[in-house]
$ cat work.txt   # compact mmCIF, C-alpha atoms
# COMPACT_ATOMS: atom_id res chain seq x y z
CA MET A 1 0.00 0.00 0.00
CA CYS A 2 2.81 2.42 0.89
CA SER A 3 4.67 1.62 -2.31
CA ARG A 4 1.53 2.35 -4.34
CA ALA A 5 1.14 5.79 -2.75
CA ALA A 6 4.87 6.58 -2.91
CA PRO A 7 4.84 8.24 -6.39
CA ALA A 8 1.99 10.56 -5.41
CA VAL A 9 3.68 11.51 -2.13
CA LEU A 10 6.97 12.04 -3.95
CA SER A 11 5.27 14.39 -6.41
CA HIS A 12 3.97 16.59 -3.58
CA VAL A 13 7.34 16.56 -1.83
CA ASN A 14 9.09 17.56 -5.05
CA LEU A 15 6.64 20.42 -5.44
CA LEU A 16 7.81 21.85 -2.12
CA LEU A 17 11.45 21.15 -2.94
CA THR A 18 11.01 23.03 -6.21
CA LEU A 19 10.02 26.09 -4.19
CA TYR A 20 13.20 25.67 -2.19
CA GLY A 21 15.21 25.42 -5.40
CA GLY A 22 13.77 28.65 -6.76
CA ALA A 23 14.38 30.43 -3.46
CA LEU A 24 17.99 29.25 -3.38
CA LEU A 25 18.61 30.48 -6.92
CA ALA A 26 17.04 33.85 -6.13
CA THR A 27 19.15 34.21 -2.99
CA ALA A 28 22.31 33.27 -4.88
CA ALA A 29 21.52 35.87 -7.53
CA ARG A 30 21.13 38.56 -4.89
CA LEU A 31 24.39 37.54 -3.26
CA LYS A 32 26.15 37.85 -6.60
CA TRP A 33 24.65 40.93 -8.23
CA ASP A 34 23.05 43.02 -5.48
CA PRO A 35 25.87 44.94 -3.75
CA SER A 36 23.58 46.26 -1.03
CA THR A 37 22.45 42.79 0.10
CA TYR A 38 24.18 41.28 3.11
CA VAL A 39 26.96 43.86 2.87
CA VAL A 40 28.07 43.14 6.44
CA LEU A 41 28.42 39.43 5.78
CA ARG A 42 30.28 40.08 2.56
CA GLU A 43 32.83 42.24 4.35
CA LEU A 44 33.23 40.01 7.40
CA PHE A 45 33.30 36.64 5.61
CA PRO A 46 34.48 37.21 2.02
CA ALA A 47 35.56 33.62 1.29
CA GLU A 48 32.51 32.11 2.96
CA TYR A 49 30.29 34.60 1.14
CA ARG A 50 31.59 33.51 -2.27
CA ALA A 51 31.35 29.83 -1.32
CA ALA A 52 27.75 30.33 -0.20
CA ALA A 53 26.84 31.97 -3.51
CA VAL A 54 28.25 29.02 -5.47
CA SER A 55 26.73 26.41 -3.16
CA LEU A 56 23.28 27.97 -3.23
CA THR A 57 23.35 28.08 -7.03
CA GLY A 58 24.34 24.43 -7.32
CA ALA A 59 21.87 23.22 -4.70
CA GLY A 60 18.97 25.17 -6.20
CA ALA A 61 19.66 23.95 -9.72
CA LEU A 62 20.01 20.35 -8.54
CA LEU A 63 16.69 20.47 -6.68
CA LEU A 64 14.94 21.65 -9.83
CA LEU A 65 16.59 18.94 -11.93
CA LEU A 66 15.69 16.24 -9.42
CA ALA A 67 12.03 17.20 -9.59
CA HIS A 68 12.11 16.68 -13.37
CA LEU A 69 13.95 13.38 -12.90
CA ALA A 70 11.23 12.10 -10.57
CA ALA A 71 8.55 13.15 -13.04
CA ALA A 72 10.34 11.28 -15.83
CA ALA A 73 10.58 8.18 -13.63
CA HIS A 74 6.87 8.36 -12.84
CA HIS A 75 5.94 8.38 -16.54
CA ALA A 76 8.51 5.80 -17.67
CA GLN A 77 6.98 2.90 -19.59
CA ARG A 78 9.64 0.26 -19.01
CA ASP A 79 10.05 -1.11 -15.51
CA TYR A 80 13.85 -1.12 -15.76
CA THR A 81 13.95 2.55 -16.77
CA ARG A 82 11.57 3.50 -14.00
CA ARG A 83 13.66 1.76 -11.35
CA LEU A 84 16.89 3.24 -12.68
CA LEU A 85 15.53 6.79 -12.61
CA TYR A 86 14.14 6.42 -9.10
CA TYR A 87 17.41 4.98 -7.80
CA THR A 88 19.33 7.79 -9.50
CA TYR A 89 17.03 10.31 -7.85
CA ALA A 90 17.60 8.77 -4.42
CA LEU A 91 21.37 8.71 -4.94
CA LEU A 92 21.62 12.32 -6.09
CA MET A 93 19.37 13.56 -3.29
CA THR A 94 21.49 11.68 -0.75
CA LEU A 95 24.66 13.23 -2.17
CA LEU A 96 23.03 16.65 -1.99
CA MET A 97 22.16 16.13 1.68
CA VAL A 98 25.74 15.05 2.41
CA GLY A 99 27.04 18.14 0.63
CA GLU A 100 24.70 20.37 2.60
CA LEU A 101 25.87 18.77 5.84
CA VAL A 102 29.54 19.22 4.94
CA PHE A 103 29.07 22.84 3.87
CA GLY A 104 27.01 23.68 6.95
CA THR A 105 29.61 22.13 9.25
CA TRP A 106 32.45 24.00 7.54
CA LEU A 107 30.54 27.28 7.69
CA ALA A 108 29.73 26.81 11.38
CA LEU A 109 33.39 26.12 12.17
CA GLN A 110 34.42 29.26 10.29
CA VAL A 111 31.95 31.38 12.23
CA VAL A 112 33.06 29.90 15.56
CA ALA A 113 36.69 30.61 14.70
CA TRP A 114 35.78 34.19 13.76
CA LEU A 115 33.97 34.77 17.05
CA ASP A 116 37.24 34.15 18.89
CA SER A 117 39.21 36.55 16.68
CA GLU A 118 40.10 40.20 17.16
CA ALA A 119 37.78 41.21 14.34
CA ALA A 120 34.80 39.95 16.34
CA GLN A 121 35.81 42.11 19.29
CA GLN A 122 36.07 45.15 17.04
CA MET A 123 32.66 44.36 15.60
CA GLY A 124 31.19 44.19 19.09
CA GLU A 125 32.62 47.59 19.93
CA ALA A 126 31.18 49.03 16.72
CA LEU A 127 27.74 47.68 17.60
CA GLU A 128 27.97 49.34 20.99
CA LEU A 129 28.77 52.64 19.28
CA SER A 130 25.63 52.32 17.16
CA GLU A 131 23.57 53.13 20.25
CA HIS A 132 25.25 56.55 20.31
CA LEU A 133 24.95 56.96 16.55
CA ARG A 134 21.16 56.98 16.43
CA PRO A 135 20.73 60.11 18.61
CA ILE A 136 23.23 61.91 16.37
CA LEU A 137 21.27 60.89 13.29
CA ARG A 138 18.03 62.14 14.79
CA TYR A 139 19.73 65.45 15.57
CA LEU A 140 21.07 65.80 12.01
CA ALA A 141 17.60 65.02 10.64
CA ARG A 142 16.57 68.56 11.59
CA TRP A 143 18.40 69.87 8.52
CA HIS A 144 18.08 66.92 6.11
CA PRO A 145 15.78 63.86 5.98
CA LEU A 146 18.57 61.44 4.99
CA PRO A 147 19.88 60.83 8.56
CA ASP A 148 16.32 60.14 9.68
CA ARG A 149 15.98 57.56 6.90
CA ILE A 150 19.25 55.90 7.95
CA ASP A 151 17.99 55.74 11.53
CA GLU A 152 14.79 54.03 10.34
CA LEU A 153 16.80 51.47 8.37
CA ILE A 154 18.90 50.66 11.44
CA ALA A 155 15.80 50.21 13.58
CA GLU A 156 14.14 48.07 10.91
CA ALA A 157 17.22 45.85 10.57
CA GLN A 158 17.38 45.34 14.32
CA ALA A 159 13.69 44.43 14.47
CA ASP A 160 13.78 42.09 11.44
CA ALA A 161 16.91 40.18 12.45
CA PRO A 162 15.19 37.86 15.00
CA ARG A 163 12.22 37.21 12.73
CA ASN A 164 14.47 36.40 9.78
CA LEU A 165 16.46 34.03 11.97
CA TYR A 166 13.33 32.20 13.14
CA ALA A 167 12.04 31.92 9.57
CA ALA A 168 15.37 30.56 8.34
CA LEU A 169 15.47 27.97 11.13
CA ALA A 170 11.89 26.85 10.42
CA LEU A 171 12.53 26.51 6.69
CA GLY A 172 15.77 24.66 7.36
CA ALA A 173 14.00 22.22 9.69
CA LEU A 174 11.33 21.59 7.05
CA LEU A 175 14.02 20.94 4.45
CA LEU A 176 15.63 18.39 6.77
CA VAL A 177 12.31 16.52 6.76
CA LEU A 178 11.48 16.82 3.06
CA GLN A 179 14.78 15.58 1.67
CA PRO A 180 14.97 12.25 3.59
CA LEU A 181 11.27 11.77 2.90
CA SER A 182 11.87 12.20 -0.82
CA VAL A 183 14.64 9.58 -0.73
CA ALA A 184 12.40 7.12 1.11
CA MET A 185 9.50 7.66 -1.29
CA ALA A 186 11.77 7.24 -4.31
CA LEU A 187 13.06 3.92 -3.00
CA LEU A 188 9.53 2.71 -2.27
CA ALA A 189 8.39 3.78 -5.73
CA ALA A 190 11.30 1.91 -7.28
CA CYS A 191 10.44 -1.27 -5.39
CA ARG A 192 6.75 -1.32 -6.23
CA ARG A 193 5.45 -3.72 -8.84
CA PRO A 194 4.04 -2.24 -12.04
CA LEU A 195 0.33 -2.58 -12.69
CA PRO A 196 -0.57 -5.30 -15.24
CA SER A 197 -1.44 -4.13 -18.72
CA ALA A 198 -4.78 -4.73 -20.36
CA SER A 199 -3.39 -7.54 -22.51
CA GLU A 200 -2.36 -9.45 -19.40
CA VAL A 201 -5.76 -9.35 -17.76
CA SER A 202 -7.79 -12.52 -18.18
CA LEU A 203 -11.38 -12.97 -17.16
CA GLN A 204 -12.03 -16.14 -15.23
CA PRO A 205 -15.65 -16.40 -14.05
CA ARG A 206 -16.54 -18.48 -11.08
CA THR A 207 -17.14 -22.08 -12.05
CA PRO A 208 -20.17 -23.61 -10.40
CA LEU A 209 -20.27 -27.27 -9.51
CA TYR A 210 -22.80 -29.05 -11.72
CA SER A 211 -24.34 -32.45 -11.13
CA ARG A 212 -26.27 -34.53 -13.59
CA ALA A 213 -29.90 -35.18 -13.00
CA ASP A 214 -29.16 -38.85 -12.72
CA SER A 215 -26.86 -40.43 -10.22
CA GLY A 216 -23.86 -40.07 -12.49
CA PRO A 217 -20.55 -38.62 -11.32
CA GLN A 218 -20.18 -34.89 -10.72
CA TYR A 219 -18.08 -32.92 -13.17
CA ARG A 220 -16.56 -29.39 -13.36
CA PRO A 221 -16.41 -27.76 -16.79
CA LEU A 222 -13.26 -26.00 -17.91
CA PRO A 223 -13.15 -22.27 -17.04
CA LEU A 224 -13.79 -19.79 -19.80
CA ARG A 225 -10.56 -17.80 -20.37
CA THR A 226 -10.44 -14.61 -22.37
CA ALA A 227 -7.67 -12.19 -23.28
CA TYR A 228 -7.36 -8.79 -24.90
CA LYS A 229 -5.58 -8.97 -28.28
CA ASN A 230 -5.44 -6.48 -31.13
CA GLY A 231 -8.26 -4.40 -29.72
CA ARG A 232 -10.61 -7.36 -29.23
CA ILE A 233 -11.52 -9.76 -26.44
CA VAL A 234 -10.94 -13.28 -27.70
CA ILE A 235 -11.78 -16.63 -26.12
CA LEU A 236 -8.82 -18.91 -25.52
$ encode --input "work.txt" --output "structure tokens"
Amino acid sequence: MCSRAAPAVLSHVNLLLTLYGGALLATAARLKWDPSTYVVLRELFPAEYRAAAVSLTGAGALLLLLAHLAAAAHHAQRDYTRRLLYYTYALLMTLLMVGELVFGTWLALQVVAWLDSEAAQQMGEALELSEHLRPILRYLARWHPLPDRIDELIAEAQADAPRNLYAALALGALLLVLQPLSVAMALLAACRRPLPSASEVSLQPRTPLYSRADSGPQYRPLPLRTAYKNGRIVIL
């Protein structure tokens, strides 16, 4: 029963993973071509920033390709081709999860190492000075609206940072569920037996037990077998 429902479940999972793929490609494009996006991260972690742009592009493109691979496997006519495509899907998705784990571990180690560096201490001091910067900006806004706008951007960034972090954690947790689920559904879909074709279906009606009117021996007639050939139902 689970193997029969696996292709349908896999289709819905791939629909959600396709959204992730598009979001990853959009984020990678902003990291590459939008100089105002994540400017602090780009200055603090230049190597990690470039690695993240490349990794997000590759992961997003692979998620989109895997969705098409699963669709091709679902519509494959030959059983061997269907199994091969599903197994390929499961293998590539597993490799993608391993790559995500390796990249996430490396990035976390880089951030931990940076937190113990002198640059992190200087960054902390600069953040403390920002509390004194906002009153100065409000004072300068008496003569020009630009400092007031900068003060609003600082306040908005401080308010959005926790919400963005919570959203990223929730989406990451959902991705950790969807990817293993897609691998499991692909393996179940590969192991399921194909449905019999119309030419393989034979009609065998129930055979009643007849007895002669006299006291002769009972007999069972041969079952009536039919098959579908060349667009017709023929009696064998």
$ closest_residue --input "work.txt" --among "A:Ala76, A:Leu56, A:Val13, A:Ala119" --to "Gly99 of chain A" --atoms "all atoms listed in the file"
A:Leu56
$ residues_around --input "work.txt" --residues "Leu31 of chain A" --least-positions-apart "6" --cutoff "10 Å" --atoms "all atoms listed in the file" --output "PDB file with C-alpha atoms, in the coordinates of the input"
ATOM      1  CA  LEU A  25      18.610  30.480  -6.920  1.00  0.00           C
ATOM      2  CA  THR A  37      22.450  42.790   0.100  1.00  0.00           C
ATOM      3  CA  TYR A  38      24.180  41.280   3.110  1.00  0.00           C
ATOM      4  CA  VAL A  39      26.960  43.860   2.870  1.00  0.00           C
ATOM      5  CA  ARG A  42      30.280  40.080   2.560  1.00  0.00           C
ATOM      6  CA  TYR A  49      30.290  34.600   1.140  1.00  0.00           C
ATOM      7  CA  ARG A  50      31.590  33.510  -2.270  1.00  0.00           C
ATOM      8  CA  ALA A  52      27.750  30.330  -0.200  1.00  0.00           C
ATOM      9  CA  ALA A  53      26.840  31.970  -3.510  1.00  0.00           C
ATOM     10  CA  VAL A  54      28.250  29.020  -5.470  1.00  0.00           C
ATOM     11  CA  LEU A  56      23.280  27.970  -3.230  1.00  0.00           C
TER      12      LEU A  56
END
$ closest_residue --input "work.txt" --among "A:Leu109, A:Ala47, A:Ala184, A:Leu175" --to "Gly21 of chain A" --atoms "only C-alpha atoms"
A:Leu175
$ atom_distance --input "work.txt" --atom1 "atom CA of Pro7 of chain A" --atom2 "atom CA of Leu63 of chain A"
17.0 Å
$ atom_distance --input "work.txt" --atom1 "atom CA of Ala5 of chain A" --atom2 "atom CA of Leu101 of chain A"
29.2 Å
